[in-house]
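Structure, as structure tokens:
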Amino acid sequence: MNREEAADQLYALPPAEFTAARNRLVKETGDKELGKLRKPTVLAWAVNQVVRSHPAEIGELLAVGEEMRAAWASGDGDALAALGPRRSAAVAAVSRLVLKIASGRLTSPAELEQTLDAAVVDADAAAQVRSGRLAGALSYSGFVPTAVPPSSSARRKPAAPDPSVRAAAEAAVAAAGERHAEWAGQLGPAIAERDAALDGVAEAESALTEARRRATAAGQRYDVVRKEEAKARQALADAEGALRRATTGR
């Protein structure tokens, strides 16, 4: 197994199993570089699982990003405006999958949005997502492609606002607002569901502890009763034997 294969194997594991598996692989392969691999956060692990199990959705997200970066570089505002709805749909689809896999364990939905946005606007971030080996959330602080690409002529002389571009931008803002409202509305119930599940686990563990205590006590009681019953049975046999001898003389 080479280093790439070992890394793929590690980042396919749940975070709780990562460290032990990484240490075992370092011993087996002698490759100390594997020991430098970071344990993934729940967010990173969930994104990695989507990369492995839902390549179509991840592929669409990354393809939209490539097209948006190309349109931005070429100054194609119409193409950028047309890509806005695709971008929103792709981000929403991948977000749903990540949240489903994370199953209530995601502590910061904002980091998920930042990570997916980074994968769209930054080629390096896209490569990290595509690798399926994320260790943590991604972010991007550079210029974000919008429906108004850079233009040398625009820098020399301000251009008149384009109504179609403004309409496209407003539509993109509205779509983003709807997406945020949708997820924000689900955050409270998701937290409540997670807390209720954790409470249920605590109650089940408490009940299990009590059941084990009762089982131990019942086992001890059984041992005492079994021994005393055996003694009583023997005493009864002895008494019956004595009575028989006293009655028959033998």
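By order of appearance in the structure tokens: chains A, B, ..., then residues from 1 within every chain, and ligands from 1 in the order shown.
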Residues flagged helix (DSSP H, G or I) by DSSP in segment 6-231 of chain A, as JSON, numbers by chain: {"A": [6, 7, 8, 9, 10, 11, 15, 16, 17, 18, 19, 20, 21, 22, 23, 24, 25, 26, 27, 28, 29, 32, 33, 34, 35, 36, 42, 43, 44, 45, 46, 47, 48, 49, 50, 51, 52, 53, 55, 56, 57, 58, 59, 60, 61, 62, 63, 64, 65, 66, 67, 68, 69, 70, 71, 72, 73, 74, 77, 78, 79, 80, 81, 82, 83, 84, 85, 86, 87, 88, 89, 90, 91, 92, 93, 94, 95, 96, 97, 98, 99, 100, 101, 102, 109, 110, 111, 112, 113, 114, 115, 116, 117, 118, 119, 120, 121, 123, 124, 125, 126, 127, 128, 129, 130, 131, 152, 153, 154, 155, 156, 163, 164, 165, 166, 167, 168, 169, 170, 171, 172, 173, 174, 175, 176, 177, 178, 179, 180, 181, 182, 183, 184, 185, 186, 187, 188, 189, 190, 191, 192, 193, 194, 195, 196, 197, 198, 199, 200, 201, 202, 203, 204, 205, 206, 207, 208, 209, 210, 211, 212, 213, 214, 215, 216, 217, 218, 219, 220, 221, 222, 223, 224, 225, 226, 227, 228, 229, 230, 231]}
Residue with smallest distance to Asp124 of chain A - pool A:Glu203, A:Asp78, A:Glu111, A:Glu66, counting only C-alpha atoms: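 Checking each of A:Glu203, A:Asp78, A:Glu111, A:Glu66 against Asp124 of chain A, counting only C-alpha atoms, the winner is A:Glu66.
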Write out as a PDB file with all heavy atoms, in the first residue's frame which residues come within 12 Å of Leu25 of chain A when counting only C-alpha atoms, dropping same-chain ones fewer than 4 positions away.
```pdb
ATOM      1  N   MET A   1       0.846  -1.191   0.000  1.00  0.00           N
ATOM      2  CA  MET A   1       0.000   0.000   0.000  1.00  0.00           C
ATOM      3  C   MET A   1       0.889   1.251   0.000  1.00  0.00           C
ATOM      4  O   MET A   1       1.746   1.410   0.871  1.00  0.00           O
ATOM      5  CB  MET A   1      -0.886   0.005   1.255  1.00  0.00           C
ATOM      6  CG  MET A   1      -1.796   1.210   1.357  1.00  0.00           C
ATOM      7  SD  MET A   1      -2.700   1.284   2.937  1.00  0.00           S
ATOM      8  CE  MET A   1      -3.579  -0.270   2.910  1.00  0.00           C
ATOM      9  N   ASN A   2       0.679   2.142  -0.996  1.00  0.00           N
ATOM     10  CA  ASN A   2       1.473   3.364  -1.031  1.00  0.00           C
ATOM     11  C   ASN A   2       0.818   4.449  -0.168  1.00  0.00           C
ATOM     12  O   ASN A   2      -0.254   4.261   0.395  1.00  0.00           O
ATOM     13  CB  ASN A   2       1.672   3.845  -2.469  1.00  0.00           C
ATOM     14  CG  ASN A   2       0.360   4.159  -3.168  1.00  0.00           C
ATOM     15  OD1 ASN A   2      -0.576   4.671  -2.563  1.00  0.00           O
ATOM     16  ND2 ASN A   2       0.288   3.869  -4.465  1.00  0.00           N
ATOM     17  N   ARG A   3       1.474   5.608  -0.093  1.00  0.00           N
ATOM     18  CA  ARG A   3       1.005   6.675   0.788  1.00  0.00           C
ATOM     19  C   ARG A   3      -0.365   7.197   0.365  1.00  0.00           C
ATOM     20  O   ARG A   3      -1.219   7.484   1.204  1.00  0.00           O
ATOM     21  CB  ARG A   3       2.018   7.813   0.802  1.00  0.00           C
ATOM     22  CG  ARG A   3       1.671   8.923   1.796  1.00  0.00           C
ATOM     23  CD  ARG A   3       2.729  10.014   1.760  1.00  0.00           C
ATOM     24  NE  ARG A   3       4.036   9.484   2.116  1.00  0.00           N
ATOM     25  CZ  ARG A   3       5.180  10.131   1.921  1.00  0.00           C
ATOM     26  NH1 ARG A   3       5.165  11.326   1.344  1.00  0.00           N
ATOM     27  NH2 ARG A   3       6.331   9.597   2.286  1.00  0.00           N
ATOM     28  N   GLU A   5      -2.774   5.607  -1.231  1.00  0.00           N
ATOM     29  CA  GLU A   5      -3.802   4.617  -0.896  1.00  0.00           C
ATOM     30  C   GLU A   5      -4.076   4.609   0.600  1.00  0.00           C
ATOM     31  O   GLU A   5      -5.232   4.488   1.033  1.00  0.00           O
ATOM     32  CB  GLU A   5      -3.367   3.231  -1.364  1.00  0.00           C
ATOM     33  CG  GLU A   5      -3.291   3.081  -2.874  1.00  0.00           C
ATOM     34  CD  GLU A   5      -2.627   1.783  -3.304  1.00  0.00           C
ATOM     35  OE1 GLU A   5      -1.847   1.217  -2.506  1.00  0.00           O
ATOM     36  OE2 GLU A   5      -2.885   1.335  -4.441  1.00  0.00           O
ATOM     37  N   ALA A   6      -3.004   4.732   1.384  1.00  0.00           N
ATOM     38  CA  ALA A   6      -3.169   4.756   2.841  1.00  0.00           C
ATOM     39  C   ALA A   6      -3.968   5.978   3.279  1.00  0.00           C
ATOM     40  O   ALA A   6      -4.849   5.886   4.144  1.00  0.00           O
ATOM     41  CB  ALA A   6      -1.800   4.752   3.523  1.00  0.00           C
ATOM     42  N   ALA A   7      -3.666   7.134   2.674  1.00  0.00           N
ATOM     43  CA  ALA A   7      -4.394   8.357   3.025  1.00  0.00           C
ATOM     44  C   ALA A   7      -5.871   8.234   2.648  1.00  0.00           C
ATOM     45  O   ALA A   7      -6.754   8.637   3.415  1.00  0.00           O
ATOM     46  CB  ALA A   7      -3.768   9.555   2.332  1.00  0.00           C
ATOM     47  N   GLN A   9      -7.610   5.537   2.484  1.00  0.00           N
ATOM     48  CA  GLN A   9      -8.212   4.603   3.434  1.00  0.00           C
ATOM     49  C   GLN A   9      -8.514   5.293   4.765  1.00  0.00           C
ATOM     50  O   GLN A   9      -9.588   5.118   5.337  1.00  0.00           O
ATOM     51  CB  GLN A   9      -7.264   3.423   3.667  1.00  0.00           C
ATOM     52  CG  GLN A   9      -7.810   2.336   4.568  1.00  0.00           C
ATOM     53  CD  GLN A   9      -6.813   1.211   4.763  1.00  0.00           C
ATOM     54  OE1 GLN A   9      -6.211   1.061   5.821  1.00  0.00           O
ATOM     55  NE2 GLN A   9      -6.615   0.426   3.732  1.00  0.00           N
ATOM     56  N   LEU A  10      -7.581   6.110   5.226  1.00  0.00           N
ATOM     57  CA  LEU A  10      -7.758   6.790   6.515  1.00  0.00           C
ATOM     58  C   LEU A  10      -8.916   7.776   6.474  1.00  0.00           C
ATOM     59  O   LEU A  10      -9.748   7.825   7.385  1.00  0.00           O
ATOM     60  CB  LEU A  10      -6.473   7.514   6.908  1.00  0.00           C
ATOM     61  CG  LEU A  10      -5.319   6.633   7.374  1.00  0.00           C
ATOM     62  CD1 LEU A  10      -4.054   7.460   7.554  1.00  0.00           C
ATOM     63  CD2 LEU A  10      -5.676   5.935   8.677  1.00  0.00           C
ATOM     64  N   PHE A  18      -9.910   7.309  13.292  1.00  0.00           N
ATOM     65  CA  PHE A  18      -8.805   7.815  12.467  1.00  0.00           C
ATOM     66  C   PHE A  18      -7.446   7.658  13.136  1.00  0.00           C
ATOM     67  O   PHE A  18      -6.509   7.104  12.542  1.00  0.00           O
ATOM     68  CB  PHE A  18      -9.052   9.284  12.118  1.00  0.00           C
ATOM     69  CG  PHE A  18      -8.006   9.894  11.224  1.00  0.00           C
ATOM     70  CD1 PHE A  18      -8.145   9.855   9.846  1.00  0.00           C
ATOM     71  CD2 PHE A  18      -6.875  10.504  11.753  1.00  0.00           C
ATOM     72  CE1 PHE A  18      -7.189  10.412   9.021  1.00  0.00           C
ATOM     73  CE2 PHE A  18      -5.914  11.063  10.936  1.00  0.00           C
ATOM     74  CZ  PHE A  18      -6.064  11.009   9.564  1.00  0.00           C
ATOM     75  N   THR A  19      -7.300   8.138  14.350  1.00  0.00           N
ATOM     76  CA  THR A  19      -5.987   8.195  14.995  1.00  0.00           C
ATOM     77  C   THR A  19      -5.391   6.806  15.180  1.00  0.00           C
ATOM     78  O   THR A  19      -4.212   6.574  14.863  1.00  0.00           O
ATOM     79  CB  THR A  19      -6.088   8.912  16.357  1.00  0.00           C
ATOM     80  OG1 THR A  19      -6.598  10.237  16.144  1.00  0.00           O
ATOM     81  CG2 THR A  19      -4.723   9.010  17.017  1.00  0.00           C
ATOM     82  N   ALA A  20      -6.198   5.876  15.693  1.00  0.00           N
ATOM     83  CA  ALA A  20      -5.685   4.515  15.909  1.00  0.00           C
ATOM     84  C   ALA A  20      -5.285   3.875  14.579  1.00  0.00           C
ATOM     85  O   ALA A  20      -4.234   3.216  14.490  1.00  0.00           O
ATOM     86  CB  ALA A  20      -6.732   3.664  16.621  1.00  0.00           C
ATOM     87  N   ALA A  21      -6.106   4.072  13.537  1.00  0.00           N
ATOM     88  CA  ALA A  21      -5.788   3.487  12.230  1.00  0.00           C
ATOM     89  C   ALA A  21      -4.541   4.125  11.636  1.00  0.00           C
ATOM     90  O   ALA A  21      -3.702   3.449  11.033  1.00  0.00           O
ATOM     91  CB  ALA A  21      -6.981   3.671  11.286  1.00  0.00           C
ATOM     92  N   THR A  29       3.693   0.391   7.679  1.00  0.00           N
ATOM     93  CA  THR A  29       4.378   0.837   6.463  1.00  0.00           C
ATOM     94  C   THR A  29       5.732   1.481   6.739  1.00  0.00           C
ATOM     95  O   THR A  29       6.563   1.583   5.836  1.00  0.00           O
ATOM     96  CB  THR A  29       3.511   1.868   5.708  1.00  0.00           C
ATOM     97  OG1 THR A  29       3.346   3.040   6.532  1.00  0.00           O
ATOM     98  CG2 THR A  29       2.145   1.272   5.376  1.00  0.00           C
ATOM     99  N   GLY A  30       5.940   1.946   7.966  1.00  0.00           N
ATOM    100  CA  GLY A  30       7.175   2.652   8.272  1.00  0.00           C
ATOM    101  C   GLY A  30       7.213   4.055   7.696  1.00  0.00           C
ATOM    102  O   GLY A  30       8.259   4.722   7.733  1.00  0.00           O
ATOM    103  N   ASP A  31       6.086   4.532   7.170  1.00  0.00           N
ATOM    104  CA  ASP A  31       6.009   5.861   6.555  1.00  0.00           C
ATOM    105  C   ASP A  31       5.619   6.890   7.610  1.00  0.00           C
ATOM    106  O   ASP A  31       4.440   7.039   7.952  1.00  0.00           O
ATOM    107  CB  ASP A  31       4.989   5.845   5.417  1.00  0.00           C
ATOM    108  CG  ASP A  31       4.995   7.140   4.605  1.00  0.00           C
ATOM    109  OD1 ASP A  31       5.606   8.124   5.065  1.00  0.00           O
ATOM    110  OD2 ASP A  31       4.399   7.151   3.513  1.00  0.00           O
ATOM    111  N   LYS A  32       6.574   7.613   8.134  1.00  0.00           N
ATOM    112  CA  LYS A  32       6.307   8.578   9.199  1.00  0.00           C
ATOM    113  C   LYS A  32       5.502   9.777   8.703  1.00  0.00           C
ATOM    114  O   LYS A  32       4.892  10.490   9.505  1.00  0.00           O
ATOM    115  CB  LYS A  32       7.620   9.047   9.814  1.00  0.00           C
ATOM    116  CG  LYS A  32       8.370   7.931  10.536  1.00  0.00           C
ATOM    117  CD  LYS A  32       9.636   8.458  11.199  1.00  0.00           C
ATOM    118  CE  LYS A  32      10.369   7.345  11.931  1.00  0.00           C
ATOM    119  NZ  LYS A  32      11.612   7.833  12.590  1.00  0.00           N
ATOM    120  N   GLU A  33       5.506  10.014   7.388  1.00  0.00           N
ATOM    121  CA  GLU A  33       4.722  11.124   6.851  1.00  0.00           C
ATOM    122  C   GLU A  33       3.231  10.909   7.087  1.00  0.00           C
ATOM    123  O   GLU A  33       2.473  11.869   7.228  1.00  0.00           O
ATOM    124  CB  GLU A  33       4.991  11.296   5.352  1.00  0.00           C
ATOM    125  CG  GLU A  33       6.382  11.827   5.027  1.00  0.00           C
ATOM    126  CD  GLU A  33       6.614  13.209   5.640  1.00  0.00           C
ATOM    127  OE1 GLU A  33       5.736  14.085   5.468  1.00  0.00           O
ATOM    128  OE2 GLU A  33       7.650  13.399   6.279  1.00  0.00           O
ATOM    129  N   LEU A  34       2.803   9.646   7.138  1.00  0.00           N
ATOM    130  CA  LEU A  34       1.400   9.366   7.406  1.00  0.00           C
ATOM    131  C   LEU A  34       1.006   9.859   8.796  1.00  0.00           C
ATOM    132  O   LEU A  34      -0.145  10.228   9.028  1.00  0.00           O
ATOM    133  CB  LEU A  34       1.122   7.857   7.304  1.00  0.00           C
ATOM    134  CG  LEU A  34       1.138   7.252   5.901  1.00  0.00           C
ATOM    135  CD1 LEU A  34       0.985   5.750   5.979  1.00  0.00           C
ATOM    136  CD2 LEU A  34       0.036   7.856   5.045  1.00  0.00           C
ATOM    137  N   GLY A  35       1.958   9.862   9.703  1.00  0.00           N
ATOM    138  CA  GLY A  35       1.686  10.321  11.055  1.00  0.00           C
ATOM    139  C   GLY A  35       1.370  11.798  11.128  1.00  0.00           C
ATOM    140  O   GLY A  35       0.879  12.273  12.156  1.00  0.00           O
ATOM    141  N   LYS A  36       1.673  12.554  10.066  1.00  0.00           N
ATOM    142  CA  LYS A  36       1.392  13.991  10.048  1.00  0.00           C
ATOM    143  C   LYS A  36      -0.024  14.301   9.567  1.00  0.00           C
ATOM    144  O   LYS A  36      -0.456  15.451   9.623  1.00  0.00           O
ATOM    145  CB  LYS A  36       2.397  14.709   9.148  1.00  0.00           C
ATOM    146  CG  LYS A  36       3.852  14.570   9.618  1.00  0.00           C
ATOM    147  CD  LYS A  36       4.794  15.287   8.664  1.00  0.00           C
ATOM    148  CE  LYS A  36       6.244  15.128   9.093  1.00  0.00           C
ATOM    149  NZ  LYS A  36       7.181  15.803   8.161  1.00  0.00           N
ATOM    150  N   LEU A  37      -0.733  13.286   9.087  1.00  0.00           N
ATOM    151  CA  LEU A  37      -2.090  13.523   8.598  1.00  0.00           C
ATOM    152  C   LEU A  37      -3.003  13.881   9.757  1.00  0.00           C
ATOM    153  O   LEU A  37      -2.999  13.224  10.800  1.00  0.00           O
ATOM    154  CB  LEU A  37      -2.623  12.281   7.881  1.00  0.00           C
ATOM    155  CG  LEU A  37      -1.900  11.884   6.594  1.00  0.00           C
ATOM    156  CD1 LEU A  37      -2.485  10.600   6.034  1.00  0.00           C
ATOM    157  CD2 LEU A  37      -1.967  12.999   5.572  1.00  0.00           C
TER     158      LEU A  37
END
```
Nearest-residue call for Gly188 of chain A, choices A:Ser206, A:Gly200, A:Lys227, A:Pro109, using only C-alpha atoms: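 For Gly188 of chain A, the nearest of the given residues is A:Pro109.
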Interatomic distance (Å, one decimal) between atom CA of Gly104 of chain A and atom CA of Ser88 of chain A: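 A separation of 22.7 Å between them.
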Spatial neighbours of Val120 of chain A, max dist 7 Å, only C-alpha atoms, sep filter under 3 positions, as a list of chain:residue names: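 The contact residues come out as A:Leu61, A:Leu62, A:Val64, A:Gly65, A:Leu116, A:Asp117, A:Ala126.
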Keeping only N, CA, C and O atoms, write the selected residues as a CSV table (one decimal), in the first residue's frame.
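Output (out-v9.csv):
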```csv
chain,number,residue,atom,x,y,z
A,61,LEU,N,-21.1,20.6,-8.4
A,61,LEU,CA,-20.6,21.8,-7.6
A,61,LEU,C,-19.3,22.3,-8.1
A,61,LEU,O,-19.1,23.5,-8.4
A,62,LEU,N,-18.3,21.3,-8.3
A,62,LEU,CA,-17.0,21.7,-8.8
A,62,LEU,C,-17.0,22.2,-10.2
A,62,LEU,O,-16.2,23.1,-10.6
A,64,VAL,N,-19.5,23.8,-11.7
A,64,VAL,CA,-20.0,25.1,-11.7
A,64,VAL,C,-18.9,26.1,-11.3
A,64,VAL,O,-18.8,27.2,-11.9
A,65,GLY,N,-18.1,25.7,-10.3
A,65,GLY,CA,-17.0,26.6,-9.9
A,65,GLY,C,-16.0,26.8,-11.0
A,65,GLY,O,-15.6,28.0,-11.2
A,116,LEU,N,-18.1,25.1,1.1
A,116,LEU,CA,-18.6,24.9,-0.2
A,116,LEU,C,-18.4,26.1,-1.1
A,116,LEU,O,-18.1,26.0,-2.3
A,117,ASP,N,-18.5,27.3,-0.5
A,117,ASP,CA,-18.3,28.5,-1.3
A,117,ASP,C,-16.8,28.6,-1.7
A,117,ASP,O,-16.5,29.0,-2.9
A,126,ALA,N,-11.1,23.7,-4.3
A,126,ALA,CA,-11.8,22.7,-5.1
A,126,ALA,C,-11.0,21.4,-5.2
A,126,ALA,O,-11.6,20.3,-5.1
```
Two-atom distance - atom CA of Ala184 of chain A, atom CA of Arg105 of chain A (Å): 15.9 Å
Contacts of Val51 of chain A within 7 Å, only C-alpha atoms, excl. fewer than 4 positions in-chain, as a ChimeraX atom specification: /A:47,55,58,130,132
Point-to-point distance in Å for atom CA of Val94 of chain A and atom CA of Pro189 of chain A: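 Atom CA of Val94 of chain A lies at a distance of 20.2 Å from atom CA of Pro189 of chain A.
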Spatial neighbours of Asn48 of chain A, 8 Å, only C-alpha atoms, chain gap at least 5 places, as a ChimeraX atom specification: /A:11-12,129,132-134
Just write the chosen residues, N, CA and C atoms, as a PDB file, in the first residue's frame.
```pdb
ATOM      1  N   TYR A  11      -8.976   8.592   5.404  1.00  0.00           N
ATOM      2  CA  TYR A  11      -9.990   9.640   5.374  1.00  0.00           C
ATOM      3  C   TYR A  11     -11.377   9.112   5.013  1.00  0.00           C
ATOM      4  N   ALA A  12     -11.462   7.813   4.736  1.00  0.00           N
ATOM      5  CA  ALA A  12     -12.776   7.193   4.555  1.00  0.00           C
ATOM      6  C   ALA A  12     -13.356   6.725   5.882  1.00  0.00           C
ATOM      7  N   VAL A 129     -11.284  19.534  -1.875  1.00  0.00           N
ATOM      8  CA  VAL A 129     -12.563  18.850  -1.752  1.00  0.00           C
ATOM      9  C   VAL A 129     -12.590  17.612  -2.643  1.00  0.00           C
ATOM     10  N   GLY A 132     -11.143  14.204  -1.451  1.00  0.00           N
ATOM     11  CA  GLY A 132     -11.801  13.392  -0.446  1.00  0.00           C
ATOM     12  C   GLY A 132     -10.973  13.230   0.819  1.00  0.00           C
ATOM     13  N   ARG A 133     -10.036  14.176   1.057  1.00  0.00           N
ATOM     14  CA  ARG A 133      -9.155  14.066   2.235  1.00  0.00           C
ATOM     15  C   ARG A 133      -9.158  15.350   3.052  1.00  0.00           C
ATOM     16  N   LEU A 134     -10.280  16.020   3.107  1.00  0.00           N
ATOM     17  CA  LEU A 134     -10.357  17.230   3.928  1.00  0.00           C
ATOM     18  C   LEU A 134     -10.125  16.871   5.394  1.00  0.00           C
TER      19      LEU A 134
END
```
Selection: 7 Å around Gly136 of chain A, only C-alpha atoms, excl. self and same-chain fewer than 4 positions, as a PyMOL selection string: chain A and resi 40-41+43-44
Same residues, N, CA, C and O atoms, output as a compact mmCIF listing (two decimals), in the first residue's frame:
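This went into result_4.txt:
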```
# COMPACT_ATOMS: atom_id res chain seq x y z
N PRO A 40 -9.75 14.28 10.75
CA PRO A 40 -10.77 15.18 10.19
C PRO A 40 -11.81 15.58 11.22
O PRO A 40 -12.15 14.80 12.12
N THR A 41 -12.30 16.79 11.09
CA THR A 41 -13.46 17.21 11.88
C THR A 41 -14.69 16.48 11.34
O THR A 41 -14.64 15.86 10.27
N LEU A 43 -17.31 17.84 10.11
CA LEU A 43 -17.65 18.48 8.84
C LEU A 43 -16.80 17.94 7.71
O LEU A 43 -17.31 17.54 6.65
N ALA A 44 -15.47 17.91 7.91
CA ALA A 44 -14.57 17.44 6.85
C ALA A 44 -14.86 15.99 6.51
O ALA A 44 -14.89 15.60 5.34
```
Nearest to Ser95 of chain A by atom-to-atom distance, counting only C-alpha atoms, from A:Ala46, A:Ala230, A:Ala123, A:Ala63: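 Under the stated criterion, the closest residue is A:Ala46.
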